Structures are given as C-alpha cells and as structure tokens.
>>> print(open('entry-v4.cif').read())   # mmCIF, C-alpha atoms
data_protein
loop_
_atom_site.label_atom_id
_atom_site.label_comp_id
_atom_site.auth_asym_id
_atom_site.auth_seq_id
_atom_site.Cartn_x
_atom_site.Cartn_y
_atom_site.Cartn_z
CA MET A 1 0.00 0.00 0.00
CA ALA A 2 2.84 2.36 0.83
CA ILE A 3 4.38 1.90 -2.60
CA ASP A 4 1.03 2.43 -4.29
CA GLN A 5 0.49 5.60 -2.28
CA ALA A 6 3.97 6.85 -3.19
CA LEU A 7 3.31 6.17 -6.88
CA PHE A 8 -0.08 7.91 -6.59
CA GLU A 9 1.52 11.00 -5.07
CA GLY A 10 4.10 11.02 -7.87
CA VAL A 11 1.41 10.97 -10.53
CA GLN A 12 -0.47 13.76 -8.73
CA ALA A 13 2.75 15.77 -8.94
CA GLY A 14 3.05 15.21 -12.68
CA ASP A 15 4.73 11.84 -13.15
CA PRO A 16 3.49 9.72 -16.08
CA PRO A 17 0.63 7.24 -15.49
CA VAL A 18 1.60 4.06 -13.66
CA LEU A 19 0.47 0.45 -13.97
CA ARG A 20 1.76 -1.84 -11.23
CA LEU A 21 1.17 -5.60 -11.12
CA TYR A 22 2.03 -7.53 -7.98
CA ARG A 23 1.35 -10.45 -5.66
CA TRP A 24 1.30 -10.64 -1.87
CA GLN A 25 3.60 -12.50 0.49
CA PRO A 26 2.35 -13.45 3.05
CA PRO A 27 -1.34 -13.60 2.12
CA CYS A 28 -3.21 -10.50 3.22
CA LEU A 29 -6.72 -9.34 4.03
CA SER A 30 -7.24 -5.76 2.83
CA PHE A 31 -10.04 -3.49 3.98
CA GLY A 32 -11.55 -0.63 2.01
CA ARG A 33 -10.76 2.84 3.31
CA ASN A 34 -14.18 3.44 4.82
CA GLN A 35 -15.47 -0.01 5.65
CA SER A 36 -16.28 -1.13 9.18
CA ALA A 37 -13.73 -3.65 10.44
CA ARG A 38 -13.28 -3.14 14.19
CA GLY A 39 -15.28 -5.78 16.04
CA ILE A 40 -16.11 -7.54 12.78
CA TYR A 41 -12.75 -9.07 11.82
CA ASP A 42 -10.49 -11.00 14.19
CA PRO A 43 -6.85 -9.85 14.03
CA ASP A 44 -5.64 -12.65 16.32
CA LEU A 45 -7.22 -15.30 14.12
CA ALA A 46 -5.61 -13.76 11.05
CA GLY A 47 -2.25 -13.68 12.83
CA SER A 48 -2.52 -17.33 13.85
CA ARG A 49 -3.03 -18.24 10.18
CA GLY A 50 -0.09 -16.14 9.02
CA ILE A 51 -2.33 -13.61 7.29
CA ASP A 52 -1.48 -9.90 7.26
CA ILE A 53 -4.13 -7.21 7.46
CA VAL A 54 -3.97 -3.78 5.85
CA ARG A 55 -6.41 -0.97 5.11
CA ARG A 56 -6.29 0.43 1.58
CA PRO A 57 -6.56 4.10 0.63
CA THR A 58 -9.18 3.06 -1.95
CA GLY A 59 -12.85 2.32 -1.34
CA GLY A 60 -14.84 -0.87 -1.43
CA LEU A 61 -14.82 -3.87 0.86
CA ALA A 62 -12.54 -6.66 2.06
CA VAL A 63 -10.44 -8.74 -0.32
CA PHE A 64 -8.28 -11.76 0.49
CA HIS A 65 -5.04 -11.49 -1.47
CA ASP A 66 -3.52 -14.89 -2.07
CA ARG A 67 -4.15 -16.76 -5.29
CA GLU A 68 -4.77 -13.60 -7.27
CA LEU A 69 -2.99 -10.83 -9.16
CA THR A 70 -3.30 -7.28 -7.86
CA TYR A 71 -3.15 -4.33 -10.24
CA THR A 72 -2.71 -0.65 -9.48
CA VAL A 73 -3.35 2.19 -11.91
CA ALA A 74 -2.54 5.82 -11.13
CA ALA A 75 -3.39 8.44 -13.74
CA GLN A 76 -4.47 12.04 -13.95
CA VAL A 77 -7.88 13.08 -15.25
CA ALA A 78 -6.16 14.33 -18.39
CA THR A 79 -5.11 10.76 -19.18
CA LEU A 80 -8.09 8.57 -18.30
CA GLY A 81 -10.84 11.05 -17.52
CA ARG A 82 -12.78 11.53 -14.31
CA PRO A 83 -13.54 8.54 -12.07
CA ARG A 84 -16.45 7.08 -14.02
CA ALA A 85 -14.64 7.21 -17.35
CA ALA A 86 -11.40 5.93 -15.83
CA TYR A 87 -13.22 3.06 -14.14
CA ALA A 88 -14.80 2.04 -17.44
CA ALA A 89 -11.49 2.31 -19.29
CA ILE A 90 -9.66 0.17 -16.75
CA ASN A 91 -12.39 -2.46 -16.78
CA THR A 92 -12.15 -2.54 -20.57
CA ALA A 93 -8.42 -3.14 -20.28
CA LEU A 94 -8.96 -5.93 -17.76
CA ALA A 95 -11.59 -7.60 -19.93
CA SER A 96 -9.25 -7.35 -22.90
CA GLY A 97 -6.49 -8.97 -20.90
CA ALA A 98 -8.74 -11.80 -19.77
CA ALA A 99 -9.93 -12.36 -23.33
CA ARG A 100 -6.32 -12.66 -24.48
CA MET A 101 -5.98 -15.69 -22.23
CA GLY A 102 -9.10 -17.21 -23.75
CA ALA A 103 -11.58 -16.18 -21.07
CA SER A 104 -15.11 -15.29 -22.11
CA VAL A 105 -15.98 -12.30 -19.95
CA THR A 106 -18.60 -9.56 -19.86
CA MET A 107 -19.11 -6.27 -18.04
CA ALA A 108 -21.69 -6.39 -15.26
CA PRO A 109 -24.93 -4.43 -15.76
CA HIS A 110 -26.05 -1.79 -13.27
CA ARG A 111 -27.23 -3.08 -9.93
CA PRO A 112 -28.45 -1.00 -6.99
CA ALA A 113 -25.85 -0.35 -4.30
CA PRO A 114 -26.07 -2.93 -1.52
CA GLY A 115 -26.81 -0.18 1.04
CA PRO A 116 -24.73 2.09 3.26
CA LEU A 117 -21.14 1.03 3.84
CA VAL A 118 -21.28 1.49 7.60
CA GLY A 119 -21.56 -1.94 9.19
CA ALA A 120 -21.47 -3.79 5.86
CA THR A 121 -19.94 -7.23 6.35
CA HIS A 122 -20.02 -8.80 2.90
CA PRO A 123 -16.73 -9.11 1.04
CA CYS A 124 -15.80 -7.16 -2.09
CA PHE A 125 -16.53 -10.25 -4.14
CA GLY A 126 -19.96 -10.60 -2.53
CA HIS A 127 -21.43 -7.86 -4.68
CA THR A 128 -20.93 -7.00 -8.33
CA THR A 129 -20.95 -3.37 -9.41
CA VAL A 130 -21.80 -2.00 -12.83
CA GLY A 131 -18.97 -2.41 -15.32
CA GLU A 132 -17.00 -4.96 -13.35
CA VAL A 133 -15.51 -7.90 -15.21
CA THR A 134 -17.60 -11.03 -14.80
CA ALA A 135 -17.89 -14.47 -16.34
CA GLY A 136 -21.08 -16.47 -16.24
CA GLY A 137 -22.63 -13.69 -14.17
CA ARG A 138 -20.03 -14.07 -11.41
CA LYS A 139 -17.34 -11.57 -10.50
CA LEU A 140 -13.80 -12.23 -11.72
CA VAL A 141 -12.13 -8.90 -10.87
CA GLY A 142 -12.85 -6.68 -7.87
CA SER A 143 -11.76 -3.06 -8.05
CA ALA A 144 -11.78 0.09 -5.92
CA MET A 145 -10.72 3.68 -6.45
CA ARG A 146 -9.46 6.83 -4.77
CA PHE A 147 -9.85 10.24 -6.45
CA GLU A 148 -7.68 13.06 -5.17
CA ASN A 149 -6.23 16.19 -6.77
CA ARG A 150 -7.74 15.28 -10.15
CA THR A 151 -5.87 11.99 -10.10
CA ILE A 152 -7.25 8.46 -9.78
CA LEU A 153 -5.70 5.54 -7.96
CA GLN A 154 -7.42 2.26 -8.72
CA HIS A 155 -6.70 -1.08 -7.13
CA GLY A 156 -8.05 -4.40 -8.20
CA SER A 157 -7.77 -8.10 -7.66
CA ILE A 158 -7.92 -10.62 -10.50
CA LEU A 159 -8.84 -13.98 -9.01
CA ILE A 160 -6.78 -16.93 -10.13
CA ASP A 161 -8.11 -19.56 -7.75
CA GLY A 162 -9.98 -19.88 -4.45
CA ASP A 163 -13.38 -18.60 -3.42
CA GLN A 164 -12.61 -15.68 -1.05
CA SER A 165 -14.26 -17.62 1.77
CA GLU A 166 -11.30 -16.60 3.93
CA VAL A 167 -12.81 -13.11 4.19
CA VAL A 168 -15.86 -14.40 6.00
CA SER A 169 -13.87 -16.98 7.97
CA LEU A 170 -11.80 -14.17 9.52
CA GLN A 171 -14.87 -12.45 10.87
CA VAL A 172 -15.57 -12.61 14.58
CA ARG A 173 -18.90 -14.18 13.79
CA SER A 174 -20.20 -15.10 10.40
CA PRO A 175 -22.99 -12.66 9.63
CA ALA A 176 -26.34 -14.10 8.70
CA GLY A 177 -26.65 -14.59 5.00
CA SER A 178 -23.02 -14.05 4.13
CA MET A 179 -22.48 -17.67 3.15
CA THR A 180 -25.37 -17.58 0.71
CA LEU A 181 -23.59 -15.08 -1.51
CA PRO A 182 -22.73 -16.46 -4.93
CA PRO A 183 -19.04 -17.32 -5.01
CA PRO A 184 -16.83 -15.33 -7.35
CA ILE A 185 -15.43 -17.00 -10.41
CA THR A 186 -11.71 -17.56 -11.00
CA LEU A 187 -9.41 -17.88 -13.96
CA ARG A 188 -9.00 -21.55 -13.07
CA GLU A 189 -12.72 -22.08 -13.56
CA VAL A 190 -13.06 -19.86 -16.62
CA LEU A 191 -10.04 -21.24 -18.45
CA GLY A 192 -10.11 -24.78 -17.08
CA ARG A 193 -6.49 -24.32 -16.01
CA VAL A 194 -4.32 -22.03 -13.91
CA PRO A 195 -2.38 -19.60 -16.10
CA ASP A 196 1.28 -19.24 -15.23
CA TRP A 197 2.56 -15.84 -14.13
CA PRO A 198 4.23 -14.82 -17.39
CA GLU A 199 1.05 -15.56 -19.33
CA LEU A 200 -1.07 -13.65 -16.84
CA TYR A 201 1.24 -10.63 -16.63
CA THR A 202 1.64 -10.52 -20.41
CA ALA A 203 -2.11 -10.70 -21.05
CA VAL A 204 -3.01 -8.04 -18.49
CA LEU A 205 -0.21 -5.76 -19.68
CA ALA A 206 -1.38 -6.19 -23.28
CA GLY A 207 -4.92 -5.22 -22.25
CA PHE A 208 -3.71 -2.04 -20.60
CA THR A 209 -1.35 -1.24 -23.45
CA ALA A 210 -4.26 -1.45 -25.90
CA MET A 211 -6.42 0.74 -23.66
CA PHE A 212 -3.76 3.44 -23.10
CA GLY A 213 -2.73 3.26 -26.74
CA THR A 214 0.92 3.33 -25.86
CA ALA A 215 3.54 0.88 -24.69
CA PHE A 216 4.56 0.88 -21.03
CA GLU A 217 8.13 1.28 -20.01
CA ALA A 218 9.07 -1.42 -17.50
CA SER A 219 10.67 -0.04 -14.37
CA ARG A 220 11.10 -0.50 -10.68
CA PRO A 221 10.15 2.18 -8.14
CA THR A 222 12.75 4.94 -8.06
CA ASP A 223 14.86 5.67 -4.99
CA ALA A 224 12.65 8.68 -4.29
CA GLU A 225 9.49 6.55 -4.53
CA CYS A 226 11.00 3.89 -2.28
CA GLY A 227 12.01 6.56 0.22
CA ARG A 228 8.52 8.02 0.27
CA ALA A 229 7.07 4.50 0.59
CA ARG A 230 9.26 3.87 3.63
CA ASP A 231 7.83 7.01 5.21
CA LEU A 232 4.29 5.93 4.39
CA GLU A 233 4.84 2.39 5.66
CA ALA A 234 4.43 3.58 9.24
CA HIS A 235 0.97 4.88 8.38
CA TYR A 236 -0.12 1.65 6.73
CA ARG A 237 1.28 -0.47 9.57
CA ASN A 238 -0.39 1.69 12.21
CA GLU A 239 -3.25 -0.14 13.87
CA ALA A 240 -5.02 3.16 14.40
CA TRP A 241 -5.38 3.33 10.61
CA THR A 242 -6.09 -0.35 10.01
CA TRP A 243 -8.77 -0.49 12.69
CA ARG A 244 -9.95 3.08 12.42
CA MET A 245 -13.57 2.02 12.15
CA MET B 1 -28.70 16.91 -18.05
CA SER B 2 -27.71 17.85 -14.52
CA ASP B 3 -29.61 20.36 -12.39
CA ILE B 4 -27.76 23.67 -11.83
CA PRO B 5 -29.90 25.98 -9.66
CA THR B 6 -29.44 29.62 -10.55
CA ASP B 7 -29.37 30.86 -6.94
CA LEU B 8 -26.21 28.96 -5.95
CA LEU B 9 -22.47 29.39 -6.47
CA TYR B 10 -20.12 26.60 -7.51
CA THR B 11 -16.54 25.33 -7.68
CA GLU B 12 -14.70 23.57 -10.46
CA ASP B 13 -14.52 20.55 -8.16
CA HIS B 14 -18.33 20.35 -8.17
CA GLU B 15 -19.19 21.65 -4.71
CA TYR B 16 -21.98 24.21 -4.33
CA VAL B 17 -22.32 27.14 -1.94
CA LYS B 18 -25.75 28.28 -0.80
CA SER B 19 -26.54 31.38 1.23
CA THR B 20 -28.48 31.14 4.49
CA ASP B 21 -30.58 33.49 6.60
CA GLU B 22 -27.52 34.07 8.77
CA ASP B 23 -25.06 36.63 7.43
CA GLY B 24 -21.69 35.08 6.56
CA VAL B 25 -22.88 31.48 6.98
CA TRP B 26 -23.07 29.26 3.92
CA ILE B 27 -24.28 25.76 3.18
CA ILE B 28 -21.92 23.43 1.31
CA GLY B 29 -22.68 20.26 -0.61
CA ILE B 30 -21.88 18.54 -3.88
CA THR B 31 -23.71 19.26 -7.09
CA ASP B 32 -26.20 17.17 -8.98
CA TYR B 33 -23.55 16.62 -11.64
CA ALA B 34 -21.11 15.34 -9.00
CA GLN B 35 -23.57 12.91 -7.44
CA GLY B 36 -24.50 11.61 -10.87
CA GLU B 37 -20.89 11.15 -11.81
CA LEU B 38 -20.11 9.34 -8.57
CA GLY B 39 -23.09 6.99 -8.67
CA ASP B 40 -24.70 5.45 -5.60
CA ILE B 41 -23.13 7.09 -2.55
CA VAL B 42 -22.59 4.67 0.34
CA PHE B 43 -20.44 6.60 2.82
CA VAL B 44 -19.66 10.16 3.86
CA GLU B 45 -16.94 11.33 6.22
CA LEU B 46 -17.46 14.89 7.45
CA PRO B 47 -15.64 17.11 9.96
CA LYS B 48 -16.92 18.07 13.39
CA ALA B 49 -18.53 21.39 14.18
CA GLY B 50 -15.93 23.84 15.43
CA GLN B 51 -13.16 22.72 13.06
CA THR B 52 -11.67 25.38 10.82
CA PHE B 53 -10.38 25.00 7.28
CA GLY B 54 -8.76 27.09 4.60
CA ARG B 55 -10.19 27.53 1.14
CA LYS B 56 -9.78 24.36 -0.96
CA ASP B 57 -8.75 22.31 2.07
CA THR B 58 -10.03 18.75 2.18
CA PHE B 59 -12.89 18.72 4.68
CA GLY B 60 -14.10 15.17 4.17
CA THR B 61 -14.54 12.29 1.78
CA VAL B 62 -17.44 10.73 -0.03
CA GLU B 63 -17.51 7.14 -1.24
CA ALA B 64 -19.69 5.98 -4.05
CA VAL B 65 -19.66 2.28 -4.77
CA LYS B 66 -15.89 1.68 -4.90
CA ALA B 67 -14.62 5.24 -5.39
CA VAL B 68 -13.46 7.46 -2.53
CA SER B 69 -13.29 11.15 -3.45
CA ASP B 70 -12.04 14.10 -1.45
CA LEU B 71 -14.35 17.00 -0.63
CA TYR B 72 -12.80 20.45 -0.92
CA LEU B 73 -14.15 23.36 1.10
CA PRO B 74 -14.99 26.20 -1.32
CA ILE B 75 -14.49 28.92 1.30
CA SER B 76 -12.30 29.25 4.36
CA GLY B 77 -13.98 29.30 7.74
CA GLU B 78 -15.37 27.40 10.68
CA ILE B 79 -17.74 24.46 10.45
CA VAL B 80 -20.79 25.51 12.44
CA ALA B 81 -23.09 22.57 11.63
CA VAL B 82 -22.79 19.12 10.07
CA ASN B 83 -25.52 17.06 8.42
CA ASN B 84 -25.10 14.02 10.66
CA GLY B 85 -28.08 12.32 9.06
CA LEU B 86 -25.94 11.50 6.05
CA ALA B 87 -24.00 8.91 8.06
CA SER B 88 -26.96 6.55 8.14
CA ASP B 89 -28.53 7.63 4.86
CA PRO B 90 -25.78 8.79 2.48
CA GLY B 91 -27.97 8.02 -0.52
CA VAL B 92 -29.91 11.22 0.12
CA ILE B 93 -26.98 13.03 -1.51
CA ASN B 94 -28.00 11.29 -4.73
CA SER B 95 -31.70 11.93 -4.36
CA ASP B 96 -31.61 15.51 -3.02
CA PRO B 97 -28.12 17.04 -3.31
CA TYR B 98 -29.29 20.64 -2.92
CA GLY B 99 -31.77 19.94 -0.11
CA ASP B 100 -31.51 17.20 2.48
CA GLY B 101 -28.17 16.14 0.99
CA TRP B 102 -26.36 19.27 2.23
CA MET B 103 -23.11 18.50 4.06
CA VAL B 104 -21.89 21.35 6.26
CA ARG B 105 -22.65 24.95 7.22
CA VAL B 106 -19.59 27.20 7.28
CA ARG B 107 -19.05 30.60 8.85
CA ALA B 108 -16.79 32.29 6.29
CA SER B 109 -13.58 33.79 7.62
CA ASP B 110 -12.76 35.68 4.42
CA ALA B 111 -15.68 37.24 2.57
CA SER B 112 -13.58 37.59 -0.58
CA ASP B 113 -13.57 33.80 -1.01
CA ILE B 114 -17.10 34.10 -2.32
CA ASP B 115 -15.80 36.16 -5.23
CA GLN B 116 -13.67 33.22 -6.35
CA LEU B 117 -16.68 30.98 -6.96
CA LEU B 118 -18.37 30.24 -10.26
CA GLY B 119 -21.83 31.48 -11.11
CA PRO B 120 -24.40 29.04 -12.49
CA GLU B 121 -23.67 29.93 -16.11
CA GLU B 122 -19.92 29.51 -15.66
CA TYR B 123 -20.45 26.24 -13.85
CA GLY B 124 -22.75 25.03 -16.59
CA LYS B 125 -20.01 25.69 -19.14
CA HIS B 126 -17.50 23.91 -16.92
CA VAL B 127 -19.74 20.84 -16.66
CA GLY B 128 -20.37 20.94 -20.38
CA ALA B 129 -16.68 21.01 -21.04
CA GLY B 130 -16.23 17.91 -18.90
#
>>> encode(input="entry-v4.cif", output="structure tokens")
Amino acid sequence: MAIDQALFEGVQAGDPPVLRLYRWQPPCLSFGRNQSARGIYDPDLAGSRGIDIVRRPTGGLAVFHDRELTYTVAAQVATLGRPRAAYAAINTALASGAARMGASVTMAPHRPAPGPLVGATHPCFGHTTVGEVTAGGRKLVGSAMRFENRTILQHGSILIDGDQSEVVSLQVRSPAGSMTLPPPITLREVLGRVPDWPELYTAVLAGFTAMFGTAFEASRPTDAECGRARDLEAHYRNEAWTWRM
Amino acid sequence: MSDIPTDLLYTEDHEYVKSTDEDGVWIIGITDYAQGELGDIVFVELPKAGQTFGRKDTFGTVEAVKAVSDLYLPISGEIVAVNNGLASDPGVINSDPYGDGWMVRVRASDASDIDQLLGPEEYGKHVGAG
C-alpha cells in the first residue's frame, strides 16, 4: 500500500501514469478505506493463520489477497478522464487482458448499491458493481478507487483460484446470510487451467497497453518513490489506521 | 442533463455554496452533476462542528460504490453545523443534493472567497466542457 500511495503521489505531482502488477507475500486481508472492520474481523485469528491485514486508501470492501494478481493504476484526469470514465477504461483493459488468455468475460450491468457502507460485512466479491468484469454472471475482478487532486488511484484483484471464503472466515462471527452469496469465479474455472505468471502478466499488460494506446516502459520504483514508501509504511502499519472504524 | 440551480455558487470541483438566513454562513454540498458522476453514494466522512479550514482544504470524503473522493471546502472558515443524518442515509446526496443532501454549514472567515466561486452559467459551461 505504501508503494502504491507513493506512486499515486508522484502521478499527482506530474509523473506519467503508472500500472503496477504484484502479488502478496504473506497472504493479506485488505479493507476498504471506509469499511467497518473493528469488532467484525479478528486480528488474532488472522495472525494465527499467518495472514497480514492492511487498510487500503481506496474504497470498497474486504479482499483476500492470495491466489490472485493485484493491479494498481494511477493516472491524472487528463489521461483517463474523471472517475467514471477511468473506471470504465480500466475495466475494458482488464476484460481485454482476460480475453487474451481465452476467457469469455462480460461487463456487469447496473445493480443498486447494496446499502450504506457502515456496518457492511459482505466481502468485495460478494457484490458486483456495474462495469465490473464477470464471467457467467459471477465476478472475476474486484476493483476500488481513490480520487484526489484530479488523479485516480485504482486497485483491483484478479482472481486466479480460491473462493474468497477466507474473508468471512476471519470475521468474529459469520454474519447471517453471508455464506449464501454467490461465489466469485476464478481464472482456473473460466479457463479450465491455472495460467502461469508470465502468461497472466503478459495478457493483463497487453490489455492495458491497448487501452492506453501506448507501450509501457518497465521499471522499478525509483529511490525517491522507495524513500517516500518507507515514510508511508508507518501509516499503513499503524493499527489506528487499520482499525480506524 | 444535470440540475444547476441559478441561486447557488459553484466550484470547479463540483461543490456548491448556498446562502443562508444568517449573514456570513453558507451551506456546502456537492452538485447534482457530481452525485450523478459518482453513482450510488454509500459513505460520507465529514468534519466536526468547530473545526476550521482554509479555502480548498479537504474537509471530508465521499464514497460511491468503490470510489473514494475528497471533498474540498470552497471557502475558508469554521464548520458551524454538520448534516449528521448523512451517516446513516448517504444516498440522500444522490436523491436531493441541494436539499436534504447538504453537508456542512460554514461561517466564512474571508468574505472575498465568495468572489472566487463560479456562477451558475460559468459552472454550466464547466460541466459541459467535462
């Protein structure tokens, strides 16, 4: 999260748009910026299973990061438009990437919001939002955004395998009805196989390259970005932030 | 087509400023265009009464499904009232942005801030330009 935030700040200051693709080690449960977590999720249980917990700067609800690929996009309004347009463009890129692997995917139609966020206990993958990438009516990619200083930061999780049941299993008590949610779909189920990392990275990158209309330049975070990320790490490790609500 | 009342003032970041019966106190919220662009609003984080902010300072956040956006105070001053009802019913910002969806009342600390705001015609052009 600290690196993503550092990249986001760089783009706000005028750096070129950024696409970051990464995995998590150890597995991690991430909360949305404004979701209720205190008293709902059990940090000791997560710790006993070797699972980290972090709160994102982006919105949305809890995601379990393990057998998935996480993407980050940071871009100014001048590049991808305001949040709604940027969200649509990024979903188009993700769908294009999935299609390149042979997945038959569609964009979800509009559905009413599941209600106020305060006290919501269902996971990110327990509700599909308009435009999200789905297959067979089930969610394949979960995404969330932050909009600040005319710049968007969007996170998302492309499921490779698993059913996200860990999210509910880490709750203090399983809320009524949560287990009746339709499970998300994964690339394993859609493709009938688990794509290897190079195939997955290449396909997703190709989808974004087509959407941006320009080739990305591969790079690692600069020394300045790493330095800023080290400063921000304290914030993202601070329990006052993680359990702020 | 979004609703742009002619008796309000606006910012380029899509907040509105409405006068009140009390001299120097203004009501702040987000415009119809902004709520439509955001989509279904599910969470609002607002300051407490008594806090002071400068012009264009972030005074809160609003989350539509998935997207968290900053709220920028159009005028400097002290928060004198907060619409606490939005915490349990944030969707009213979508249904009634200029009425029950108001966010805060601010006592302006610099009257000249009002001169920096957009009139309805200017705001309409801004929205039209994207």
>>> interface_residues(input="entry-v4.cif", of="chain B", to="chain A", cutoff="8 Å", atoms="only C-alpha atoms", output="JSON list (two decimals) with C-alpha atoms, in the frame of the given file")
[["chain", "number", "residue", "atom", "x", "y", "z"],
["B", 37, "GLU", "CA", -20.89, 11.15, -11.81],
["B", 38, "LEU", "CA", -20.11, 9.34, -8.57],
["B", 40, "ASP", "CA", -24.70, 5.45, -5.60],
["B", 41, "ILE", "CA", -23.13, 7.09, -2.55],
["B", 42, "VAL", "CA", -22.59, 4.67, 0.34],
["B", 43, "PHE", "CA", -20.44, 6.60, 2.82],
["B", 63, "GLU", "CA", -17.51, 7.14, -1.24],
["B", 65, "VAL", "CA", -19.66, 2.28, -4.77],
["B", 66, "LYS", "CA", -15.89, 1.68, -4.90],
["B", 67, "ALA", "CA", -14.62, 5.24, -5.39],
["B", 68, "VAL", "CA", -13.46, 7.46, -2.53],
["B", 69, "SER", "CA", -13.29, 11.15, -3.45],
["B", 70, "ASP", "CA", -12.04, 14.10, -1.45],
["B", 87, "ALA", "CA", -24.00, 8.91, 8.06],
["B", 88, "SER", "CA", -26.96, 6.55, 8.14],
["B", 89, "ASP", "CA", -28.53, 7.63, 4.86],
["B", 90, "PRO", "CA", -25.78, 8.79, 2.48],
["B", 91, "GLY", "CA", -27.97, 8.02, -0.52]]
>>> resolve_selection(input="entry-v4.cif", expression="the PyMOL selection byres ((chain A and resi 194) around 12)", output="list in words")
Arg67, Glu68, Met101, Gly102, Ala103, Leu159, Ile160, Asp161, Gly162, Thr186, Leu187, Arg188, Glu189, Val190, Leu191, Gly192, Arg193, Pro195, Asp196, Trp197, Pro198, Glu199 and Leu200 of chain A
>>> residues_around(input="entry-v4.cif", residues="Gly29 (chain B)", least_positions_apart="6", cutoff="6 Å", atoms="all atoms listed in the file", output="list in words")
Glu15, Tyr16, Trp102 and Met103 of chain B
>>> write_last_selection(input="entry-v4.cif", atoms="C-alpha atoms", output="mmCIF file, in the frame of the given file")
data_model
loop_
_atom_site.group_PDB
_atom_site.id
_atom_site.type_symbol
_atom_site.label_atom_id
_atom_site.label_comp_id
_atom_site.auth_asym_id
_atom_site.auth_seq_id
_atom_site.Cartn_x
_atom_site.Cartn_y
_atom_site.Cartn_z
ATOM 1 C CA GLU B 15 -19.190 21.650 -4.710
ATOM 2 C CA TYR B 16 -21.980 24.210 -4.330
ATOM 3 C CA TRP B 102 -26.360 19.270 2.230
ATOM 4 C CA MET B 103 -23.110 18.500 4.060
#
>>> closest_residue(input="entry-v4.cif", among="A:Leu80, A:Ala224, A:Ile3, A:Ala135", to="Arg20 (chain A)", atoms="all atoms listed in the file")
A:Ile3
>>> resolve_selection(input="entry-v4.cif", expression="the PyMOL selection byres ((chain B and resi 14) around 6)", output="list in words")
Thr11, Glu12, Asp13, Glu15, Ile30, Thr31 and Ala34 of chain B
>>> resolve_selection(input="entry-v4.cif", expression="the PyMOL selection byres ((chain B and resi 50) around 10)", output="PyMOL selection string")
chain B and resi 47-49+51-53+77-82+106-107
>>> write_last_selection(input="entry-v4.cif", atoms="C-alpha atoms", output="short mmCIF file (atom, residue, chain, number, x, y, z; two decimals), in the frame of the given file")
data_model
loop_
_atom_site.label_atom_id
_atom_site.label_comp_id
_atom_site.auth_asym_id
_atom_site.auth_seq_id
_atom_site.Cartn_x
_atom_site.Cartn_y
_atom_site.Cartn_z
CA PRO B 47 -15.64 17.11 9.96
CA LYS B 48 -16.92 18.07 13.39
CA ALA B 49 -18.53 21.39 14.18
CA GLN B 51 -13.16 22.72 13.06
CA THR B 52 -11.67 25.38 10.82
CA PHE B 53 -10.38 25.00 7.28
CA GLY B 77 -13.98 29.30 7.74
CA GLU B 78 -15.37 27.40 10.68
CA ILE B 79 -17.74 24.46 10.45
CA VAL B 80 -20.79 25.51 12.44
CA ALA B 81 -23.09 22.57 11.63
CA VAL B 82 -22.79 19.12 10.07
CA VAL B 106 -19.59 27.20 7.28
CA ARG B 107 -19.05 30.60 8.85
#
>>> closest_residue(input="entry-v4.cif", among="B:Pro97, B:Gly24, B:Gly85, B:Gly124", to="Ser112 (chain B)", atoms="all atoms listed in the file")
B:Gly24
>>> atom_distance(input="entry-v4.cif", atom1="CA of Asp96 (chain B)", atom2="CA of Asp3 (chain B)")
10.7 Å
>>> atom_distance(input="entry-v4.cif", atom1="CA of Thr214 (chain A)", atom2="CA of Ala74 (chain A)")
15.3 Å
>>> atom_distance(input="entry-v4.cif", atom1="CA of Thr128 (chain A)", atom2="CA of His110 (chain A)")
8.8 Å
>>> closest_residue(input="entry-v4.cif", among="A:Ala240, A:Leu170, A:Val54, A:Leu140", to="Ala2 (chain A)", atoms="only C-alpha atoms")
A:Val54
>>> residues_around(input="entry-v4.cif", residues="Cys28 (chain A)", least_positions_apart="6", cutoff="7 Å", atoms="only C-alpha atoms", output="list in words")
Ile51, Asp52, Ile53, Phe64, His65 and Asp66 of chain A
>>> closest_residue(input="entry-v4.cif", among="A:Ala206, A:Leu232, A:Ala37, A:Val105", to="Val172 (chain A)", atoms="all atoms listed in the file")
A:Ala37
